[in-house]
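One file, my_file24.cif, carrying mmCIF, C-alpha atoms:
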data_protein
#
loop_
_atom_site.label_atom_id
_atom_site.label_comp_id
_atom_site.auth_asym_id
_atom_site.auth_seq_id
_atom_site.Cartn_x
_atom_site.Cartn_y
_atom_site.Cartn_z
CA MET W 1 56.05 219.10 167.17
CA THR W 2 55.07 215.76 168.58
CA THR W 3 54.89 215.28 172.28
CA LEU W 4 55.16 212.15 174.37
CA PHE W 5 53.43 211.45 177.63
CA TYR W 6 55.78 211.19 180.60
CA LEU W 7 54.82 209.88 184.01
CA ILE W 8 57.23 211.13 186.65
CA ILE W 9 57.13 209.78 190.20
CA TYR W 10 59.55 210.47 192.99
CA ASP W 11 60.36 209.43 196.50
CA LEU W 12 62.70 211.45 198.67
CA PRO W 13 63.58 210.61 202.30
CA ASP W 14 62.17 212.61 205.18
CA LYS W 15 65.28 214.55 206.10
CA LYS W 16 65.80 218.27 206.20
CA ALA W 17 68.07 218.45 203.16
CA ALA W 18 65.90 216.05 201.20
CA ASN W 19 62.75 217.99 202.09
CA LYS W 20 64.32 221.02 200.49
CA ARG W 21 65.18 219.03 197.37
CA ARG W 22 61.65 217.64 197.22
CA THR W 23 60.09 221.10 197.32
CA ARG W 24 62.48 222.27 194.64
CA LEU W 25 61.72 219.20 192.50
CA HIS W 26 58.00 219.75 192.92
CA LYS W 27 58.30 223.37 191.82
CA MET W 28 60.42 222.41 188.86
CA LEU W 29 58.00 219.72 187.71
CA SER W 30 55.08 222.16 188.09
CA GLY W 31 56.62 224.06 185.19
CA TYR W 32 56.50 221.02 182.95
CA GLY W 33 53.26 219.25 183.70
CA LYS W 34 50.34 218.53 185.93
CA TRP W 35 50.62 217.49 189.56
CA THR W 36 48.12 214.66 189.82
CA GLN W 37 48.87 212.98 193.15
CA TYR W 38 51.46 213.25 195.91
CA SER W 39 54.80 212.64 194.18
CA VAL W 40 53.24 212.07 190.78
CA PHE W 41 53.40 214.37 187.77
CA GLU W 42 51.98 213.85 184.30
CA CYS W 43 53.73 215.77 181.53
CA PHE W 44 53.21 216.12 177.80
CA LEU W 45 56.57 217.18 176.46
CA THR W 46 58.50 217.48 173.24
CA THR W 47 61.90 215.80 173.07
CA ILE W 48 63.67 219.12 173.61
CA GLN W 49 61.57 219.98 176.64
CA PHE W 50 62.08 216.54 178.11
CA THR W 51 65.84 216.66 177.64
CA THR W 52 65.98 220.02 179.41
CA LEU W 53 63.94 218.65 182.27
CA GLN W 54 66.08 215.52 182.46
CA THR W 55 69.29 217.52 182.83
CA LYS W 56 67.67 219.67 185.51
CA ILE W 57 66.51 216.64 187.48
CA GLU W 58 69.93 215.02 187.23
CA LYS W 59 71.55 218.17 188.60
CA LEU W 60 69.15 218.39 191.51
CA ILE W 61 68.71 214.92 192.96
CA LYS W 62 71.10 212.67 194.86
CA PRO W 63 70.71 209.17 193.39
CA ASP W 64 72.04 207.40 196.50
CA GLU W 65 69.23 208.82 198.65
CA ASP W 66 66.44 209.83 196.25
CA ALA W 67 64.44 207.83 193.77
CA VAL W 68 62.88 209.35 190.67
CA ARG W 69 61.22 207.19 188.05
CA ILE W 70 60.16 208.39 184.63
CA TYR W 71 57.89 206.31 182.44
CA VAL W 72 57.91 207.27 178.81
CA LEU W 73 54.52 206.60 177.26
CA ASP W 74 52.79 207.46 174.01
CA ALA W 75 49.37 208.57 172.81
CA GLY W 76 48.12 204.96 172.85
CA ALA W 77 49.02 204.63 176.50
CA VAL W 78 47.10 207.80 177.32
CA LYS W 79 43.99 206.42 175.65
CA ARG W 80 44.21 203.13 177.51
CA THR W 81 44.69 204.81 180.89
CA ILE W 82 42.10 203.88 183.50
CA THR W 83 41.40 206.28 186.35
CA TYR W 84 39.12 206.09 189.38
CA GLY W 85 38.17 209.22 191.23
CA SER W 86 40.15 211.63 189.07
CA GLU W 87 40.39 212.84 185.51
CA ILE W 88 42.02 210.99 182.64
CA PRO W 89 45.34 212.58 181.60
CA ARG W 90 44.77 215.06 178.84
CA GLN W 91 47.01 217.40 176.93
CA GLU W 92 45.67 220.90 177.36
CA GLN W 93 45.54 222.86 174.12
CA THR W 94 43.99 225.95 175.61
CA ILE W 95 43.94 227.30 179.11
CA VAL W 96 41.34 230.01 179.60
CA LEU W 97 41.47 231.74 182.97
CA MET H 98 51.93 222.98 173.47
CA SER H 99 49.12 225.22 174.64
CA VAL H 100 47.86 228.77 174.54
CA LEU H 101 47.20 230.54 177.83
CA TYR H 102 44.40 233.09 177.83
CA VAL H 103 43.97 235.31 180.87
CA THR H 104 40.66 237.13 180.60
CA GLN H 105 40.14 238.40 184.13
CA ALA H 106 41.17 242.03 184.56
CA ASP H 107 42.18 241.51 188.21
CA ALA H 108 44.38 238.49 187.55
CA VAL H 109 48.10 238.51 188.28
CA LEU H 110 50.46 236.34 186.27
CA SER H 111 53.68 235.66 188.14
CA LYS H 112 56.58 233.26 187.97
CA ASN H 113 57.40 230.57 190.50
CA TYR H 114 60.61 228.77 189.59
CA GLU H 115 59.88 226.96 186.30
CA ALA H 116 56.12 227.50 186.47
CA PHE H 117 53.66 230.36 186.05
CA ASN H 118 51.22 231.24 188.78
CA VAL H 119 47.96 232.91 187.95
CA ALA H 120 46.13 234.52 190.87
CA LEU H 121 42.45 234.97 190.12
CA LYS H 122 40.20 237.15 192.23
CA GLN H 123 37.08 235.35 193.40
CA SER H 124 33.69 236.97 193.90
CA ASP H 125 34.16 236.82 197.72
CA GLY H 126 37.37 238.86 197.43
CA SER H 127 39.77 235.98 198.07
CA TRP H 128 42.44 234.93 195.58
CA LYS H 129 42.61 231.58 193.90
CA LYS H 130 46.02 230.54 192.72
CA GLN H 131 46.55 228.30 189.76
CA THR H 132 49.78 226.79 188.53
CA VAL H 133 50.43 226.67 184.80
CA ALA H 134 53.23 224.59 183.33
CA ALA H 135 55.13 227.43 181.68
CA GLN H 136 57.41 225.16 179.62
CA THR H 137 54.51 223.78 177.64
CA VAL H 138 52.88 227.16 176.93
CA GLU H 139 53.40 228.40 173.39
CA GLN H 140 51.95 231.88 173.74
CA VAL H 141 50.07 234.02 176.24
CA VAL H 142 47.08 236.17 175.34
CA LEU H 143 45.98 238.76 177.90
CA MET H 144 42.57 240.42 177.70
CA GLY H 145 41.49 243.45 179.65
CA ASN H 146 44.51 244.42 181.65
CA PRO H 147 45.67 241.59 183.87
CA GLN H 148 49.03 242.17 185.49
CA VAL H 149 52.21 240.36 184.54
CA THR H 150 55.13 240.58 186.90
CA GLY H 151 58.52 241.53 185.49
CA ASP H 152 59.86 238.08 186.35
CA ALA H 153 57.10 236.36 184.43
CA LEU H 154 57.45 238.63 181.40
CA VAL H 155 61.20 238.12 181.16
CA TYR H 156 60.84 234.39 181.69
CA ALA H 157 58.27 234.17 178.90
CA LEU H 158 60.60 235.98 176.52
CA GLU H 159 63.49 233.73 177.58
CA LEU H 160 61.38 230.70 176.71
CA GLY H 161 60.63 232.27 173.32
CA MET H 162 56.98 232.83 174.19
CA PRO H 163 55.19 235.93 172.85
CA ILE H 164 52.73 237.77 175.11
CA HIS H 165 49.85 239.46 173.31
CA TYR H 166 47.68 242.23 174.68
CA LEU H 167 44.02 242.60 173.71
CA SER H 168 41.48 245.09 174.99
CA SER H 169 38.50 243.68 176.86
CA PHE H 170 36.60 243.98 173.56
CA GLY H 171 39.14 241.72 171.88
CA LYS H 172 40.86 244.47 169.91
CA TYR H 173 44.51 243.75 169.26
CA LEU H 174 46.75 246.22 171.08
CA GLY H 175 50.24 244.84 170.78
CA SER H 176 52.67 242.15 171.80
CA ALA H 177 55.84 241.55 173.72
CA LEU H 178 57.88 239.44 171.35
CA PRO H 179 60.97 237.38 171.96
CA GLY H 180 63.97 238.52 169.92
CA TYR H 181 63.57 236.28 166.92
CA SER H 182 66.18 236.29 164.22
CA ARG H 183 65.83 239.58 162.47
CA ASN H 184 66.24 238.57 158.90
CA GLY H 185 67.69 241.52 157.02
CA GLN H 186 67.85 239.75 153.66
CA LEU H 187 64.20 238.82 153.85
CA ARG H 188 63.21 242.40 154.64
CA LEU H 189 65.19 243.70 151.71
CA ALA H 190 63.35 241.23 149.47
CA GLN H 191 60.10 242.44 151.00
CA TYR H 192 60.90 246.08 150.14
CA LYS H 193 62.00 245.07 146.66
CA LEU H 194 58.63 243.52 145.82
CA TYR H 195 56.94 246.62 147.23
CA SER H 196 58.48 248.72 144.50
CA ASP H 197 57.91 246.14 141.76
CA PRO H 198 54.38 246.94 140.44
CA ALA H 199 53.96 243.79 138.33
CA GLY H 200 55.16 241.31 140.95
CA ARG H 201 53.19 243.08 143.62
CA LEU H 202 49.99 242.99 141.58
CA GLU H 203 50.40 239.24 140.98
CA LEU H 204 50.77 238.56 144.71
CA VAL H 205 47.80 240.75 145.62
CA LYS H 206 45.66 238.95 143.02
CA THR H 207 46.59 235.59 144.52
CA ILE H 208 45.62 236.77 148.00
CA VAL H 209 42.33 238.37 146.95
CA ALA H 210 41.33 235.42 144.76
CA ALA H 211 41.91 233.04 147.70
CA LYS H 212 39.96 235.32 150.02
CA ILE H 213 36.95 235.40 147.70
CA HIS H 214 37.25 231.65 147.15
CA ASN H 215 37.11 231.01 150.90
CA GLN H 216 34.18 233.40 151.29
CA TYR H 217 32.36 231.50 148.57
CA GLN H 218 33.04 228.22 150.35
CA VAL H 219 31.50 229.55 153.56
CA LEU H 220 28.37 230.61 151.69
CA TYR H 221 28.26 227.32 149.80
CA ARG H 222 28.41 225.29 152.99
CA HIS H 223 25.47 227.27 154.35
CA ASN H 224 23.33 226.72 151.26
CA GLU H 225 23.78 230.22 149.88
CA ARG H 226 24.54 229.10 146.33
CA ASN H 227 22.93 232.06 144.64
CA ASN H 228 25.67 234.65 144.69
CA PRO H 229 28.09 236.25 142.24
CA LEU H 230 31.30 235.52 144.22
CA LYS H 231 32.56 232.94 141.72
CA GLU H 232 32.42 235.50 138.92
CA ARG H 233 34.15 238.03 141.13
CA LYS H 234 36.92 235.57 141.76
CA SER H 235 37.54 235.00 138.06
CA LEU H 236 37.30 238.75 137.46
CA VAL H 237 40.26 239.32 139.79
CA LYS H 238 42.66 237.68 137.33
CA SER H 239 42.02 240.20 134.55
CA GLN H 240 42.52 243.38 136.59
CA LYS H 241 45.30 245.71 135.60
CA THR H 242 45.88 247.80 138.73
CA LEU H 243 46.00 247.36 142.48
CA ASP H 244 43.05 249.66 142.99
CA GLN H 245 40.91 247.66 140.57
CA VAL H 246 41.70 244.49 142.52
CA ARG H 247 40.83 246.25 145.77
CA GLY H 248 37.57 247.38 144.16
CA ILE H 249 36.61 243.79 143.32
CA GLU H 250 37.58 242.75 146.84
CA GLY H 251 35.28 245.38 148.32
CA LEU H 252 32.44 244.43 146.04
CA ALA H 253 32.81 240.76 146.91
CA ALA H 254 32.91 241.59 150.61
CA ARG H 255 29.64 243.52 150.36
CA GLU H 256 27.95 240.71 148.43
CA TYR H 257 29.34 238.17 150.88
CA PHE H 258 28.01 239.94 153.96
CA ALA H 259 24.70 240.55 152.19
CA CYS H 260 24.13 236.79 152.51
CA TRP H 261 24.83 236.84 156.24
CA PRO H 262 21.41 237.98 157.55
CA ARG H 263 19.89 234.75 156.19
CA MET H 264 22.73 232.60 157.52
CA VAL H 265 22.84 233.88 161.09
CA GLY H 266 19.16 233.20 161.71
CA LYS H 267 16.18 235.22 162.79
CA GLN H 268 17.04 235.89 166.42
CA TRP H 269 20.07 237.96 165.37
CA THR H 270 19.86 241.37 163.78
CA PHE H 271 22.60 241.74 161.22
CA THR H 272 22.32 244.29 158.45
CA GLY H 273 25.90 244.42 157.24
CA ARG H 274 29.43 244.51 158.50
CA ASN H 275 30.29 247.45 160.74
CA ARG H 276 32.97 248.14 163.29
CA ARG H 277 34.49 250.72 165.62
CA PRO H 278 32.38 250.04 167.52
CA PRO H 279 30.43 247.01 166.30
CA THR H 280 26.78 248.01 166.68
CA ASP H 281 25.16 244.59 166.94
CA PRO H 282 26.10 241.26 168.55
CA VAL H 283 27.09 239.49 165.34
CA ASN H 284 29.40 242.31 164.31
CA SER H 285 30.90 242.32 167.76
CA LEU H 286 31.62 238.58 167.48
CA LEU H 287 33.20 239.12 164.07
CA SER H 288 35.41 241.89 165.42
CA PHE H 289 36.44 239.71 168.34
CA ALA H 290 37.28 236.81 166.04
CA TYR H 291 39.34 239.03 163.74
CA GLY H 292 41.19 240.37 166.77
CA LEU H 293 42.06 236.83 167.85
CA LEU H 294 43.08 235.91 164.32
CA ARG H 295 45.29 238.97 164.16
CA VAL H 296 47.14 237.77 167.26
CA GLN H 297 48.00 234.52 165.51
CA VAL H 298 49.00 236.14 162.24
CA THR H 299 51.12 238.75 164.01
CA ALA H 300 52.99 236.02 165.84
CA ALA H 301 53.50 234.10 162.57
CA VAL H 302 54.77 237.19 160.74
CA HIS H 303 57.34 237.73 163.48
CA VAL H 304 58.35 234.08 163.62
CA ALA H 305 58.95 234.11 159.86
CA GLY H 306 61.05 237.26 160.23
CA LEU H 307 58.89 239.43 157.96
CA ASP H 308 58.48 243.17 158.48
CA PRO H 309 54.88 243.57 159.71
CA TYR H 310 54.60 247.15 158.43
CA ILE H 311 55.35 246.56 154.74
CA GLY H 312 52.42 244.97 152.93
CA TYR H 313 51.09 244.87 149.41
CA LEU H 314 47.32 244.70 149.42
CA HIS H 315 46.99 247.13 152.30
CA GLU H 316 48.49 250.57 151.93
CA VAL H 317 51.53 251.39 154.00
CA HIS H 318 50.15 253.80 156.57
CA HIS H 319 51.65 255.02 159.78
CA GLY H 320 51.04 252.35 162.41
CA GLN H 321 49.23 249.96 160.10
CA PRO H 322 50.79 246.50 160.06
CA SER H 323 49.94 245.95 156.39
CA MET H 324 51.79 242.64 156.12
CA VAL H 325 49.76 241.21 158.98
CA LEU H 326 46.53 242.47 157.43
CA ASP H 327 47.54 241.05 154.02
CA LEU H 328 48.21 237.61 155.44
CA MET H 329 44.98 237.71 157.44
CA GLU H 330 42.81 238.01 154.35
CA GLU H 331 42.96 234.37 153.28
CA PHE H 332 42.10 233.25 156.82
CA ARG H 333 39.21 235.58 157.67
CA ALA H 334 36.45 233.47 156.16
CA LEU H 335 38.30 230.21 156.70
CA ILE H 336 38.78 230.64 160.45
CA ALA H 337 37.08 233.67 161.99
CA ASP H 338 33.82 233.72 160.02
CA SER H 339 33.29 229.98 160.33
CA VAL H 340 33.86 230.09 164.09
CA VAL H 341 31.24 232.84 164.44
CA LEU H 342 28.72 230.96 162.28
CA SER H 343 29.35 227.72 164.14
CA VAL H 344 28.80 229.18 167.64
CA LEU H 345 25.61 230.83 166.41
CA HIS H 346 24.31 227.65 164.79
CA LYS H 347 25.14 225.49 167.78
CA HIS H 348 23.47 228.10 170.03
CA GLU H 349 26.64 228.24 172.12
CA ILE H 350 26.14 232.00 172.26
CA GLN H 351 22.69 233.51 172.77
CA PRO H 352 21.43 237.07 172.28
CA ASP H 353 21.38 237.68 176.06
CA ASP H 354 25.10 236.89 176.31
CA PHE H 355 25.86 240.49 175.37
CA ASN H 356 26.03 243.74 177.30
CA GLU H 357 25.17 246.89 175.46
CA SER H 358 26.63 250.25 176.35
CA LEU H 359 26.44 253.40 174.24
CA GLY H 360 25.44 251.41 171.17
CA ALA H 361 28.42 249.05 171.39
CA TYR H 362 27.99 245.38 172.15
CA ARG H 363 30.37 243.23 174.12
CA LEU H 364 30.34 239.66 175.33
CA LYS H 365 29.73 238.80 178.96
CA ASP H 366 32.54 237.02 180.81
CA THR H 367 31.28 233.43 180.61
CA ALA H 368 30.26 233.78 176.97
CA ARG H 369 33.67 235.20 176.18
CA LYS H 370 35.26 232.06 177.58
CA THR H 371 32.90 229.93 175.50
CA PHE H 372 33.86 231.85 172.40
CA LEU H 373 37.59 231.59 173.13
CA GLN H 374 37.20 227.83 173.53
CA ALA H 375 35.39 227.65 170.20
CA PHE H 376 38.07 229.73 168.51
CA GLU H 377 40.82 227.54 169.92
CA ARG H 378 38.98 224.41 168.85
CA LYS H 379 39.02 225.76 165.34
CA MET H 380 42.69 226.71 165.50
CA ASN H 381 43.53 223.16 166.54
CA ASP H 382 41.32 221.57 163.88
CA GLU H 383 43.27 219.56 161.39
CA PHE H 384 42.90 219.51 157.63
CA LYS H 385 44.96 218.24 154.74
CA HIS H 386 47.13 221.06 153.45
CA PRO H 387 46.55 221.40 149.69
CA VAL H 388 50.19 222.28 148.93
CA PHE H 389 52.17 220.17 151.38
CA GLU H 390 49.64 217.34 151.43
CA TYR H 391 49.95 216.49 155.06
CA ARG H 392 47.56 217.08 157.91
CA CYS H 393 48.11 220.27 159.84
CA THR H 394 46.22 222.52 162.22
CA TYR H 395 45.00 225.97 161.24
CA ARG H 396 47.47 227.45 163.72
CA ARG H 397 50.32 225.72 161.93
CA ALA H 398 48.87 226.69 158.55
CA ILE H 399 49.14 230.38 159.41
CA GLU H 400 52.82 229.99 160.19
CA LEU H 401 53.33 227.94 157.02
CA GLN H 402 51.79 230.70 154.90
CA ALA H 403 54.06 233.32 156.47
CA ARG H 404 57.10 231.16 155.77
CA LEU H 405 55.87 230.42 152.24
CA LEU H 406 55.56 234.14 151.62
CA GLY H 407 59.11 234.57 152.88
CA ARG H 408 60.31 231.92 150.43
CA HIS H 409 58.37 233.63 147.65
CA LEU H 410 60.09 236.93 148.39
CA GLN H 411 63.59 235.53 148.71
CA GLU H 412 63.66 232.57 146.36
CA GLY H 413 60.88 233.34 143.91
CA ILE H 414 58.91 230.17 144.74
CA SER H 415 55.36 231.03 143.72
CA TYR H 416 53.10 231.94 146.62
CA LYS H 417 49.91 229.95 146.94
CA ALA H 418 47.39 231.50 149.28
CA LEU H 419 45.50 228.97 151.36
CA ALA H 420 42.19 228.15 149.68
CA LEU H 421 40.35 225.10 150.86
CA ARG H 422 38.16 222.89 148.67
#
Starting from the file, lay out its structure as structure tokens.
Amino acid sequence: MTTLFYLIIYDLPDKKAANKRRTRLHKMLSGYGKWTQYSVFECFLTTIQFTTLQTKIEKLIKPDEDAVRIYVLDAGAVKRTITYGSEIPRQEQTIVL
Amino acid sequence: MSVLYVTQADAVLSKNYEAFNVALKQSDGSWKKQTVAAQTVEQVVLMGNPQVTGDALVYALELGMPIHYLSSFGKYLGSALPGYSRNGQLRLAQYKLYSDPAGRLELVKTIVAAKIHNQYQVLYRHNERNNPLKERKSLVKSQKTLDQVRGIEGLAAREYFACWPRMVGKQWTFTGRNRRPPTDPVNSLLSFAYGLLRVQVTAAVHVAGLDPYIGYLHEVHHGQPSMVLDLMEEFRALIADSVVLSVLHKHEIQPDDFNESLGAYRLKDTARKTFLQAFERKMNDEFKHPVFEYRCTYRRAIELQARLLGRHLQEGISYKALALR
């Protein structure tokens, strides 16, 4: 199955209810990809996985207060990515712990 | 999609909302936690006996992810498998071929011929051109009984491993294949590689809905997953043997990477990780599939063969065992 590269960034206000949502969002995204910076996740997902995630995000956030942006990229975009001070995004085939 | 290997015996795999957490014990006694994106994990392989919490196990099964258990030597112990479609029709077809001597013999010949072909290719690539495996392969076709085919297979295997001492190089002592326990480092690597291969084939057999305990080349014994062992044959040389030879030739594994106890050899922790990485590299290697003519990884090829065998059993489409070049 082919996967696409998704860049997910979010910004939630500093209020008690929103803090809760942010933590929940962070935990949810941890299941789908790699936390690279504050409020930034990089995910390699199949269409099915992405659709599931999309529904979950839509259920969780409040669009009038929160902002979530998802950039849909492809393998070419991954190759052209430039990073300073951290690793280039990479799809992990094997995780040995 | 990725494969998660947990090789530390003290590790604890737990679930945290949509993600997995792996707690790893450090040498100073503290715990290091690592988050793994559970949604993108295809299967989990546990070595030694790391703990999995009930939450994590159930979540893995819900996501359709099998969890495989290996001993710390790499011996396959068993799996927790998600409830795939249990295909009754396919199983009936599987039993039917079992009691059809002619059809069964044909299938076994195909498998053994491909196995010997792949063994020959390994030798050929390592400049061992002087061997009778090609004749053995053509001899398979003319055999009349299962036992005769098995005899040729055994003969070919002995001749194949007889070429190994020259191929592995002088710093390794290898006098022939042995197991339970493997009594030299090369044999221990081979056993480990076959254990890892068995994990993949077992998963594929289950995904395809085949009955793992009814096979054709291997006898049906109590507790012997003959179907898995049958399907493994065409991949042994292709995947496991070539991984072992490649780590030895690239000096990724050295003689002092092994611990010996009571005549049995096992890999040290860091070397085991190196070997797992090498094995996974191979599994994710792409090649052009001779039947379907598109590029696919070895991991995918194993599943394809299991499905192809299913089609052979149910729809009579001829089974072509995977033989490369």
**Within-12 Å shell of (54.2, 230.9, 173.0) in input frame, only C-alpha atoms, as a PyMOL selection string** = (chain W and resi 93-94) or (chain H and resi 98-102+135-142+154+156-165+176-179+296-297+300-301+304+396)
**Message:** Using all atoms listed in the file and a distance of at most 12 Å, pull out the residues of chain W that contact chain H, as a ChimeraX atom specification.
**Reply:** /W:1-4,23-35,41-50,52-53,56,90-97
Dump of C-alpha atoms for the selected residues, as a compact mmCIF listing (two decimals), in the coordinates of the input:
# COMPACT_ATOMS: atom_id res chain seq x y z
CA MET W 1 56.05 219.10 167.17
CA THR W 2 55.07 215.76 168.58
CA THR W 3 54.89 215.28 172.28
CA LEU W 4 55.16 212.15 174.37
CA THR W 23 60.09 221.10 197.32
CA ARG W 24 62.48 222.27 194.64
CA LEU W 25 61.72 219.20 192.50
CA HIS W 26 58.00 219.75 192.92
CA LYS W 27 58.30 223.37 191.82
CA MET W 28 60.42 222.41 188.86
CA LEU W 29 58.00 219.72 187.71
CA SER W 30 55.08 222.16 188.09
CA GLY W 31 56.62 224.06 185.19
CA TYR W 32 56.50 221.02 182.95
CA GLY W 33 53.26 219.25 183.70
CA LYS W 34 50.34 218.53 185.93
CA TRP W 35 50.62 217.49 189.56
CA PHE W 41 53.40 214.37 187.77
CA GLU W 42 51.98 213.85 184.30
CA CYS W 43 53.73 215.77 181.53
CA PHE W 44 53.21 216.12 177.80
CA LEU W 45 56.57 217.18 176.46
CA THR W 46 58.50 217.48 173.24
CA THR W 47 61.90 215.80 173.07
CA ILE W 48 63.67 219.12 173.61
CA GLN W 49 61.57 219.98 176.64
CA PHE W 50 62.08 216.54 178.11
CA THR W 52 65.98 220.02 179.41
CA LEU W 53 63.94 218.65 182.27
CA LYS W 56 67.67 219.67 185.51
CA ARG W 90 44.77 215.06 178.84
CA GLN W 91 47.01 217.40 176.93
CA GLU W 92 45.67 220.90 177.36
CA GLN W 93 45.54 222.86 174.12
CA THR W 94 43.99 225.95 175.61
CA ILE W 95 43.94 227.30 179.11
CA VAL W 96 41.34 230.01 179.60
CA LEU W 97 41.47 231.74 182.97
**Message:** Using all atoms listed in the file for the distances, tell me which of H:Leu326, H:Leu307, H:Val237, H:Leu194 is nearest to H:Leu294.
**Reply:**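 Among the listed residues, the smallest separation from H:Leu294 belongs to H:Leu326.
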**Prompt:** Written as a PyMOL selection string, which residues does the PyMOL selection byres ((chain H and resi 295) around 12) give for the file shown?
**Reply:** chain H and resi 142+165-167+171-176+288-294+296-302+309+322-330+332-333+336-337+396+399
**Request:** List every protein, DNA or RNA residue that has an atom no more than 12 Å from (26.7, 247.2, 157.7) in the file's coordinate frame, counting all atoms listed in the file, and report them as a list in words.
**Result:** Ala254, Arg255, Glu256, Tyr257, Phe258, Ala259, Cys260, Trp261, Pro262, Thr270, Phe271, Thr272, Gly273, Arg274, Asn275, Arg276, Arg277, Pro278, Pro279, Thr280, Asp281, Val283, Asn284 and Ser285 of chain H
**Request:** For H:Leu405, please output as a PyMOL selection string all residues within 12 Å (counting only C-alpha atoms; exclusion window: fewer than 6 positions along the same chain).
**Result:** chain H and resi 187+301-302+305-307+328+388-389+398-399+411-419
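Take atom CA of H:His223 and atom CA of H:Asp354: the distance between them is 24.0 Å.
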**Message:** Under the rule that only C-alpha atoms are counted, which of W:Ala18, W:Leu7, W:Arg80, W:Tyr38 is the nearest residue to W:Asp66?
**Reply:**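 Smallest separation from W:Asp66 among the options: W:Ala18.
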**Request:** Would you mind listing what lies within 7 Å of W:Ser39 as a list in words, with only C-alpha atoms counted and same-chain residues fewer than 5 positions away left out?
**Result:**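 Close residues of W:Ser39: Ile9, Tyr10 and Asp11 of chain W.
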Save C-alpha atoms of stretch 44-59 of chain W from the block above as a PDB file, in the first residue's frame.
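Contents of part_38.pdb, as written:
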ATOM      1  CA  PHE W  44       3.496   8.527   6.701  1.00  0.00           C
ATOM      2  CA  LEU W  45       0.006   7.176   6.219  1.00  0.00           C
ATOM      3  CA  THR W  46      -2.068   5.168   3.796  1.00  0.00           C
ATOM      4  CA  THR W  47      -5.315   6.704   2.586  1.00  0.00           C
ATOM      5  CA  ILE W  48      -7.334   4.562   4.991  1.00  0.00           C
ATOM      6  CA  GLN W  49      -5.192   5.516   7.965  1.00  0.00           C
ATOM      7  CA  PHE W  50      -5.355   9.177   7.035  1.00  0.00           C
ATOM      8  CA  THR W  51      -9.128   9.137   6.667  1.00  0.00           C
ATOM      9  CA  THR W  52      -9.483   7.557  10.109  1.00  0.00           C
ATOM     10  CA  LEU W  53      -7.218  10.186  11.589  1.00  0.00           C
ATOM     11  CA  GLN W  54      -9.087  12.972   9.806  1.00  0.00           C
ATOM     12  CA  THR W  55     -12.432  11.899  11.259  1.00  0.00           C
ATOM     13  CA  LYS W  56     -10.888  11.666  14.719  1.00  0.00           C
ATOM     14  CA  ILE W  57      -9.405  15.158  14.470  1.00  0.00           C
ATOM     15  CA  GLU W  58     -12.693  16.591  13.230  1.00  0.00           C
ATOM     16  CA  LYS W  59     -14.512  15.074  16.195  1.00  0.00           C
TER      17      LYS W  59
END
